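Inspection log for the structure reproduced underneath, given as C-alpha cells.
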Number of protein chains: 2
Amino acid sequence: MSLIVVGTMAFDTIETPFGKAEKIIGGSATYVAWCASNFVKPVYQVSIVGNDFPKEELEQLNARGVETEGVEIIMDKKSFFWAGKYHLDMNSRDTLVTDLNVLADFDPKIPESYQGAEFLMLGNLVPKIQQAVIEQLRVRPKLIVLDTMNFWMEDALDDLKEVLKRVDVLMVNDSEARQLSDEFSLVKAARKIMAMGPKYVIIKKGEHGALLFYKDQVFFAPALPLEDVFDPTGAGDTFAGGFIGHLAKTKDISFNNMKTAIIVGSAMASFCVEKFGTERLKEITKEDIDKRLAQFRELVNFDIELV
Amino acid sequence: MSLIVVGTMAFDTIETPFGKAEKIIGGSATYVAWCASNFVKPVYQVSIVGNDFPKEELEQLNARGVETEGVEIIMDKKSFFWAGKYHLDMNSRDTLVTDLNVLADFDPKIPESYQGAEFLMLGNLVPKIQQAVIEQLRVRPKLIVLDTMNFWMEDALDDLKEVLKRVDVLMVNDSEARQLSDEFSLVKAARKIMAMGPKYVIIKKGEHGALLFYKDQVFFAPALPLEDVFDPTGAGDTFAGGFIGHLAKTKDISFNNMKTAIIVGSAMASFCVEKFGTERLKEITKEDIDKRLAQFRELVNFDIELV
C-alpha cells in the first residue's frame with residue numbers, strides 16, 4: 001500500500017474568534033500527510049516550498065513515514081503564504097493575503113521511487129498541474145481522488161473538466177458542487193458531476209457532514225457535534241487524508257468500504273478543528289482515533305428492528 | 001397507548017419555486033395527526049377551527065383514529081390563516097399574511113374522554129396555553145414533548161421558561177436553540193436548555209438533519225437527500241408526529257428508542273416535503289414507510305469493524 005499526495009505546503013496566518021496564530025505551517029498536502037500517515041506508509045509527498053520552510057517540519061513528516069523526495073525546495077524564494085479571518089459562525093472566512101511565492105513555479109516532477117503507487121490524492125491546485133501529475137504516472141493508480149475549488153470553475157473550467165474525466169472520486173463542498181453542476185439539489189448536482197467522469201462524488205458540508213454518491217446510492221457521514229470549533233483550517237484536507245488513508249490501508253475501494261472511509265475522514269477532521277493548524281493532528285494516538293470512531297458509531301447507530 | 005396532540009388546524013397559502021397552493025389545509029396539529037396516526041390510535045386532537053373548516057377533513061381524520069371531540073368549532077369566525085413564500089434555497093421563507101381569526105380565542109378544554117392519555121405533544125402555541133393544557137391533565141403523561149418558536153422567546157420568555165420546567169422533550173430549530181440559550185455552539189446550547197427543565201433536547205436543522213441530546217449523549221439523524229424539496233411546510237410538525245407516534249406505539253421512552261423515533265420522524269418528514277401540504281402524508285402506506293426507513297439505514301450504516 002502506498003499513497004501519493006500532491007498539494008501545497010505553506011504558511012498560514014489564521015484569525016478566529018478564539019485567537020490568532022501567526023505564520024504557522026499549513027497547506028493542503030501538509031494536512032493530508034499528517035492525517036493519512038496514521039493509516040498508510042509510505043506517503044509519497046509532492047509539493048514545493050521556499051527557503052523559509054523549516055527542515056524540522058519535513059523531518060517530523062519523514063519520521064512518520066512521509067517521503068519528501070518530491071518536495072521541491074526553492075532556495076531563493078519564499079513558501080506560499082495565506083492569511084485569513086473566520087467569521088463568528090466559522091462557516092465563512094475572508095482571505096486577507098494570498099502570496100503565491102514558490103507556488104507560481106510549481107511544476108511537479110514525480111520521483112522515480114514514487115512510481116507504482118496505488119493511491120493518488122490530488123489536492124486543490126491548478127487543474128493543468130493535477131492533469132500533469134496523472135500523466136507522469138506510468139501505472140494508473142487504483143484510485144485517484146481530486147479536490148478542487150470554485151476558483152478553477154471560474155478560471156479554468158475546461159481544464160478542470162478534462163482532469164475530471166481521469167479521476168475516480170471528486171471531493172468538493174456544497175456550494176462548489178452547485179456551481180459545477182448548475183443544480184441546486186445536491187442529489188441532482190452529484191448525478192451531473194458523475195456524468196462528467198468521477199464514479200464517486202463526495203460533497204462536504206462542513207459542520208453539517210458529508211455525502212458520498214455512487215450510482216443511485218448515497219451515504220451520509222455527520223460531523224461530530226463539538227462544543228467549540230477552534231480553527232476549521234485544514235479540516236477538508238484532513239477529511240481527505242482520513243478518507244484516502246483508510247482506503248489505502250485496507251486496499252478495498254468498494255462503495256461499502258468508502259462509507260467507512262468517509263467516517264474515518266470525518267473523525268480525523270473533528271480532531272483537526274480542536275486546535276490551531278496541525279497541532280491537534282500531531283498529538284493524537286491510535287487510541288484517540290479508535291475512541292472517536294466509536295463516538296461516530298454512537299452518533300448515528302439506531303435500532304431499526306424496533307420500528 | 002394514546003396521544004394528545006395540541007396545536008393549530010388552519011388554512012395555508014404557500015408559494016414555492018415549484019408553484020403555488022391556495023388556501024390548503026395546514027396547521028401544526030393537522031400535520032402531527034396525519035403523521036402520528038400511522039403509529040398510534042387513538043390520537044386525541046385538541047385545536048380550534050372556524051366555520052370555514054371542511055367537515056370532510058375532520059371526518060378523514062376520524063377514519064384514521066383521530067378523535068376530534070377536542071377540536072372546538074367557532075361558528076361565527078374563520079380559521080387561522082397563514083400565507084408564506086419560500087426562497088429558492090427552501091430554508092427561509094417570508095410570511096405574507098397571518099390572520100389569527102379563531103386562534104385569538106383559543107382556550108383549550110381537554111375533554112373528559114382524553115384524560116389518562118400517556119403521551120402529550122404540545123405544538124407551537126402561546127406558552128401560557130401549553131401550560132394550561134398540562135394543568136388540566138389529572139394524570140401526568142408519561143412523556144410531554146413541546147415545540148415552540150423564536151416569537152415566544154421574544155414576547156413571552158418568562159412564560160416559556162415556566163412551561164419548560166414541566167416538559168420532558170423540547171423540540172426547536174438551530175436558530176431557536178441559539179436564541180434561547182444565548183450560545184452559538186449547539187452542544188453548549190443543548191446543555192443550557194436541559195438545565196432549564198427538559199431532559200431531552202431535539203434540535204432540528206432542516207435539510208441538515210436533527211440532533212437529539214440527553215445528558216452527555218448525542219444522536220444525529222440525517223435528512224434524506226432528495227432530488228427536490230417541493231414544499232417544506234409542516235415538515236417540522238410531521239417530524240414531531242413521527243417521533244412521538246413511534247414512542248407512543250412502542251411505549252418505550254428510553255434514549256435508545258428515542259434514537260429510532262427521530263429516524264422515524266425524519267423519514268416521515270421526507271415524505272411531507274414531496275408534495276404541497278398534507279397531500280403526500282395522506283397517500284403513503286405502511287410499506288412506503290418501511291421502505292423509507294430501510295433507506296435511512298442504508299444512508300448512515302457503516303462497518304466500523306473494517307477500521
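Starting from 1 in every chain, residues are counted up; chains themselves are A, B, ... following the order of the C-alpha cells, and ligands are numbered from 1 as listed.
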message: Near chain B, meaning an atom within 6 Å, which residues of chain A appear when counting only C-alpha atoms? Write them as number ranges by chain.
response: A: 185, 187-188, 208, 219-220, 227, 259-260, 299-300, 302-303
message: Taking only segment 47-155 of chain A into account, list the residues labelled helix (DSSP H, G or I) by DSSP (computed from the backbone), as a PyMOL selection string.
response: chain A and resi 55-63+101-105+112-114+127-136+150-155
task: Find the residues near Val102 of chain B: any atom within 12 Å, counting only C-alpha atoms, skip ones fewer than 3 places away on the same chain, and give them as a list in words.
output: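 Once the adjacent positions are removed, what remains is Thr8, Met9, Ala10, Phe11, Ser47, Ile48, Val49, Gly50, Asn51, Asp52, Phe53, Val71, Glu72, Ile73, Ile74, Met75, Asp76, Lys77, Lys78, Ser79, Phe80, Phe81, Thr98, Asp99, Asp105, Phe106, Asp107 and Pro108 of chain B.
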- request: Just list the residues in segment 27-244 of chain A DSSP gives strand (DSSP E) on the backbone, as a count of residues only.
  value: 60
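Proximity to Ser181 of chain A at 12 Å, evaluated using only C-alpha atoms and with sequence-adjacent residues fewer than 2 positions away removed, yields A:Asn150, A:Met153, A:Leu157, A:Lys161, A:Val172, A:Asp174, A:Ser175, A:Glu176, A:Ala177, A:Arg178, A:Gln179, A:Glu183, A:Phe184, A:Ser185, A:Leu186, A:Val187, A:Lys188, A:Ala189, A:Ala190, A:Arg191, A:Lys192, A:Ile193, A:Met194, A:Ala195, A:Met196, A:Val201.
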Okay, now the selection with C-alpha atoms, as a JSON list (two decimals), in the first residue's frame?
```
[["chain", "number", "residue", "atom", "x", "y", "z"],
["A", 150, "ASN", "CA", -14.75, 27.42, -7.08],
["A", 153, "MET", "CA", -14.60, 26.60, -12.03],
["A", 157, "LEU", "CA", -13.32, 25.25, -16.25],
["A", 161, "LYS", "CA", -13.46, 19.20, -16.95],
["A", 172, "VAL", "CA", -15.99, 19.40, -3.30],
["A", 174, "ASP", "CA", -21.79, 22.01, -1.35],
["A", 175, "SER", "CA", -21.53, 25.42, -3.00],
["A", 176, "GLU", "CA", -18.84, 24.14, -5.38],
["A", 177, "ALA", "CA", -20.98, 21.15, -6.32],
["A", 178, "ARG", "CA", -23.84, 23.53, -7.08],
["A", 179, "GLN", "CA", -21.58, 25.81, -9.12],
["A", 183, "GLU", "CA", -28.07, 22.42, -9.94],
["A", 184, "PHE", "CA", -29.33, 23.47, -6.51],
["A", 185, "SER", "CA", -30.36, 19.99, -5.36],
["A", 186, "LEU", "CA", -27.23, 18.14, -4.23],
["A", 187, "VAL", "CA", -28.71, 14.85, -5.46],
["A", 188, "LYS", "CA", -29.07, 16.30, -8.96],
["A", 189, "ALA", "CA", -25.68, 18.03, -8.70],
["A", 190, "ALA", "CA", -23.93, 14.76, -7.84],
["A", 191, "ARG", "CA", -25.61, 12.97, -10.72],
["A", 192, "LYS", "CA", -24.47, 15.63, -13.22],
["A", 193, "ILE", "CA", -20.93, 15.56, -11.86],
["A", 194, "MET", "CA", -20.76, 11.77, -12.09],
["A", 195, "ALA", "CA", -21.67, 12.16, -15.78],
["A", 196, "MET", "CA", -18.53, 14.34, -16.15],
["A", 201, "VAL", "CA", -18.73, 12.28, -5.70]]
```
Report as a short mmCIF file (atom, residue, chain, number, x, y, z; two decimals) with N, CA, C and O atoms, in the first residue's frame all protein, DNA and RNA residues lying within 12 Å of segment 275-280 of chain A, evaluated on only C-alpha atoms, omitting residues in the same chain fewer than 5 positions from it.
```cif
data_model
loop_
_atom_site.label_atom_id
_atom_site.label_comp_id
_atom_site.auth_asym_id
_atom_site.auth_seq_id
_atom_site.Cartn_x
_atom_site.Cartn_y
_atom_site.Cartn_z
N MET A 9 2.35 23.03 0.56
CA MET A 9 2.89 23.07 1.93
C MET A 9 3.24 24.54 2.11
O MET A 9 3.92 25.13 1.26
N ALA A 10 2.77 25.14 3.17
CA ALA A 10 2.71 26.60 3.17
C ALA A 10 2.73 27.17 4.57
O ALA A 10 2.81 26.42 5.56
N PHE A 11 2.65 28.49 4.65
CA PHE A 11 2.43 29.17 5.93
C PHE A 11 1.06 29.83 5.91
O PHE A 11 0.63 30.36 4.89
N ASP A 12 0.41 29.76 7.06
CA ASP A 12 -0.90 30.41 7.22
C ASP A 12 -0.87 31.34 8.43
O ASP A 12 -0.30 30.99 9.46
N THR A 13 -1.54 32.47 8.29
CA THR A 13 -1.85 33.28 9.47
C THR A 13 -3.37 33.26 9.60
O THR A 13 -4.09 33.60 8.66
N ILE A 14 -3.83 32.80 10.75
CA ILE A 14 -5.25 32.50 10.93
C ILE A 14 -5.81 33.28 12.11
O ILE A 14 -5.23 33.28 13.20
N GLU A 15 -6.94 33.91 11.87
CA GLU A 15 -7.61 34.59 12.97
C GLU A 15 -9.00 33.97 13.12
O GLU A 15 -9.76 33.86 12.15
N THR A 16 -9.32 33.53 14.33
CA THR A 16 -10.65 33.01 14.61
C THR A 16 -11.17 33.77 15.83
O THR A 16 -10.40 34.49 16.47
N PRO A 17 -12.47 33.61 16.14
CA PRO A 17 -12.97 34.30 17.34
C PRO A 17 -12.22 33.87 18.60
O PRO A 17 -12.31 34.52 19.64
N PHE A 18 -11.46 32.77 18.52
CA PHE A 18 -10.77 32.27 19.70
C PHE A 18 -9.33 32.77 19.82
O PHE A 18 -8.65 32.50 20.80
N GLY A 19 -8.82 33.43 18.77
CA GLY A 19 -7.45 33.91 18.85
C GLY A 19 -6.81 33.99 17.49
O GLY A 19 -7.47 33.84 16.46
N LYS A 20 -5.50 34.21 17.49
CA LYS A 20 -4.78 34.40 16.24
C LYS A 20 -3.52 33.56 16.27
O LYS A 20 -2.83 33.48 17.29
N ALA A 21 -3.21 32.91 15.15
CA ALA A 21 -1.96 32.15 15.02
C ALA A 21 -1.19 32.75 13.85
O ALA A 21 -1.72 32.83 12.74
N GLU A 22 0.03 33.17 14.10
CA GLU A 22 0.84 33.87 13.09
C GLU A 22 1.76 32.89 12.39
O GLU A 22 2.55 32.19 13.03
N LYS A 23 1.68 32.87 11.09
CA LYS A 23 2.63 32.14 10.24
C LYS A 23 2.90 30.73 10.74
O LYS A 23 4.06 30.36 11.02
N ILE A 24 1.84 29.98 10.90
CA ILE A 24 2.01 28.57 11.27
C ILE A 24 2.00 27.72 10.00
O ILE A 24 1.56 28.17 8.95
N ILE A 25 2.47 26.50 10.14
CA ILE A 25 2.57 25.65 8.95
C ILE A 25 1.21 25.11 8.54
O ILE A 25 0.44 24.61 9.37
N GLY A 26 0.91 25.25 7.24
CA GLY A 26 -0.35 24.76 6.70
C GLY A 26 -0.14 24.21 5.30
O GLY A 26 0.94 23.72 4.98
N GLY A 27 -1.17 24.30 4.50
CA GLY A 27 -1.11 23.78 3.12
C GLY A 27 -1.85 22.46 3.03
O GLY A 27 -1.80 21.63 3.95
N SER A 28 -2.52 22.23 1.91
CA SER A 28 -3.37 21.05 1.78
C SER A 28 -2.58 19.75 1.98
O SER A 28 -3.00 18.86 2.71
N ALA A 29 -1.41 19.66 1.34
CA ALA A 29 -0.65 18.40 1.41
C ALA A 29 -0.11 18.15 2.82
O ALA A 29 0.07 17.00 3.22
N THR A 30 0.13 19.23 3.55
CA THR A 30 0.59 19.07 4.94
C THR A 30 -0.49 18.36 5.77
O THR A 30 -0.22 17.38 6.47
N TYR A 31 -1.72 18.86 5.66
CA TYR A 31 -2.81 18.25 6.44
C TYR A 31 -3.07 16.81 5.99
O TYR A 31 -3.26 15.92 6.82
N VAL A 32 -3.07 16.60 4.67
CA VAL A 32 -3.32 15.23 4.18
C VAL A 32 -2.25 14.28 4.74
O VAL A 32 -2.56 13.19 5.22
N ALA A 33 -0.99 14.72 4.68
CA ALA A 33 0.10 13.83 5.10
C ALA A 33 0.05 13.53 6.59
O ALA A 33 0.19 12.36 7.00
N TRP A 34 -0.15 14.55 7.41
CA TRP A 34 -0.23 14.31 8.85
C TRP A 34 -1.36 13.34 9.18
O TRP A 34 -1.26 12.50 10.06
N CYS A 35 -2.46 13.49 8.45
CA CYS A 35 -3.61 12.64 8.72
C CYS A 35 -3.42 11.23 8.16
O CYS A 35 -3.55 10.23 8.87
N GLU A 57 10.10 20.44 10.13
CA GLU A 57 8.75 20.00 9.73
C GLU A 57 8.85 18.82 8.77
O GLU A 57 8.11 17.83 8.90
N LEU A 61 7.78 14.82 9.44
CA LEU A 61 6.96 14.04 8.50
C LEU A 61 7.70 12.76 8.10
O LEU A 61 7.11 11.67 8.06
N ASP A 228 -16.82 23.50 20.72
CA ASP A 228 -16.27 24.63 20.00
C ASP A 228 -15.49 24.14 18.80
O ASP A 228 -14.75 23.16 18.89
N VAL A 229 -15.67 24.83 17.68
CA VAL A 229 -14.77 24.64 16.54
C VAL A 229 -13.74 25.75 16.67
O VAL A 229 -14.05 26.92 16.53
N PHE A 230 -12.53 25.36 16.98
CA PHE A 230 -11.50 26.34 17.32
C PHE A 230 -10.90 26.96 16.06
O PHE A 230 -10.72 28.16 15.96
N ASP A 231 -10.58 26.11 15.08
CA ASP A 231 -9.99 26.59 13.82
C ASP A 231 -10.30 25.58 12.72
O ASP A 231 -9.74 24.49 12.72
N PRO A 232 -11.17 25.95 11.77
CA PRO A 232 -11.57 24.99 10.72
C PRO A 232 -10.52 24.81 9.63
O PRO A 232 -10.70 23.94 8.77
N THR A 233 -9.44 25.59 9.64
CA THR A 233 -8.45 25.50 8.57
C THR A 233 -7.93 24.06 8.46
O THR A 233 -7.53 23.46 9.45
N GLY A 234 -7.94 23.54 7.24
CA GLY A 234 -7.39 22.20 7.02
C GLY A 234 -8.34 21.07 7.30
O GLY A 234 -8.00 19.90 7.08
N ALA A 235 -9.55 21.38 7.76
CA ALA A 235 -10.48 20.30 8.10
C ALA A 235 -10.83 19.48 6.84
O ALA A 235 -10.89 18.25 6.89
N ASP A 237 -8.98 19.07 4.13
CA ASP A 237 -7.81 18.28 3.71
C ASP A 237 -7.60 17.10 4.66
O ASP A 237 -7.20 16.02 4.24
N THR A 238 -7.85 17.33 5.93
CA THR A 238 -7.73 16.24 6.90
C THR A 238 -8.77 15.17 6.63
O THR A 238 -8.48 13.97 6.70
N MET A 268 -11.29 12.22 11.71
CA MET A 268 -10.00 12.90 11.70
C MET A 268 -10.20 14.42 11.64
O MET A 268 -9.52 15.18 12.32
N ALA A 269 -11.17 14.86 10.81
CA ALA A 269 -11.45 16.29 10.70
C ALA A 269 -11.91 16.86 12.04
O ALA A 269 -11.61 18.01 12.37
N SER A 270 -12.62 16.04 12.82
CA SER A 270 -13.12 16.53 14.12
C SER A 270 -11.97 16.79 15.09
O SER A 270 -12.09 17.63 15.98
N THR A 285 -3.26 9.86 19.12
CA THR A 285 -2.75 8.49 19.07
C THR A 285 -3.80 7.59 18.41
O THR A 285 -4.94 7.99 18.19
N ASP A 288 -6.83 7.44 20.53
CA ASP A 288 -7.74 8.58 20.37
C ASP A 288 -8.63 8.39 19.15
O ASP A 288 -9.83 8.66 19.18
N ILE A 289 -8.01 7.92 18.06
CA ILE A 289 -8.76 7.72 16.81
C ILE A 289 -9.84 6.66 17.00
O ILE A 289 -10.99 6.83 16.62
#
```
field: Closest of A:Ile202, A:Asp168, A:Phe271, A:Ala117 to Glu283 of chain A - atom-to-atom distances counting only C-alpha atoms
entry: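 That would be A:Phe271, the residue with the smallest distance to Glu283 of chain A.
The environment of Val97 of chain A within 7 Å, counting only C-alpha atoms and disregarding residues fewer than 5 places along the same chain, consists of Trp82, Ala83 and Gly84 of chain A.
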query: With only C-alpha atoms as the basis for distance, which of A:Lys282, A:Lys142, A:Lys128, A:His87 is at the shortest distance from Glu162 of chain A?
result: A:Lys128
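Counting only C-alpha atoms and comparing A:Asn124, A:Asn173, A:Ser266, A:Thr68, the residue that lies closest to Thr148 of chain A is A:Asn124.
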- prompt: Excluding same-chain residues fewer than 2 positions from Val145 of chain A, what lies within 8 Å of it counting only C-alpha atoms, as a ChimeraX atom specification?
  reply: /A:120-122,143,147,167-171,244
Next, write the just-selected residues to a file, as a compact mmCIF listing (two decimals), in the first residue's frame, keeping N, CA and C atoms as the atom set.
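For reference, result.txt as written:
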```
# COMPACT_ATOMS: atom_id res chain seq x y z
N LEU A 120 -3.72 7.88 -5.26
CA LEU A 120 -3.27 9.23 -5.57
C LEU A 120 -4.28 10.24 -5.05
N MET A 121 -3.80 11.16 -4.21
CA MET A 121 -4.65 12.26 -3.70
C MET A 121 -4.16 13.56 -4.32
N LEU A 122 -4.98 14.12 -5.19
CA LEU A 122 -4.64 15.39 -5.83
C LEU A 122 -5.32 16.52 -5.08
N LEU A 143 -6.83 4.12 -7.41
CA LEU A 143 -7.85 5.13 -7.10
C LEU A 143 -7.22 6.52 -7.13
N ASP A 147 -9.42 16.98 -5.33
CA ASP A 147 -10.07 18.09 -4.64
C ASP A 147 -9.90 19.31 -5.53
N VAL A 167 -10.35 11.05 -13.16
CA VAL A 167 -10.30 10.71 -11.74
C VAL A 167 -11.48 9.83 -11.33
N ASP A 168 -11.32 9.16 -10.19
CA ASP A 168 -12.38 8.27 -9.69
C ASP A 168 -13.32 8.96 -8.71
N VAL A 169 -12.75 9.84 -7.88
CA VAL A 169 -13.53 10.48 -6.82
C VAL A 169 -13.30 11.99 -6.88
N LEU A 170 -14.39 12.75 -6.95
CA LEU A 170 -14.27 14.21 -6.81
C LEU A 170 -14.78 14.59 -5.43
N MET A 171 -14.02 15.49 -4.80
CA MET A 171 -14.35 15.95 -3.46
C MET A 171 -14.53 17.46 -3.53
N ILE A 244 -8.72 8.79 2.13
CA ILE A 244 -7.84 8.01 1.26
C ILE A 244 -6.87 7.15 2.09
```
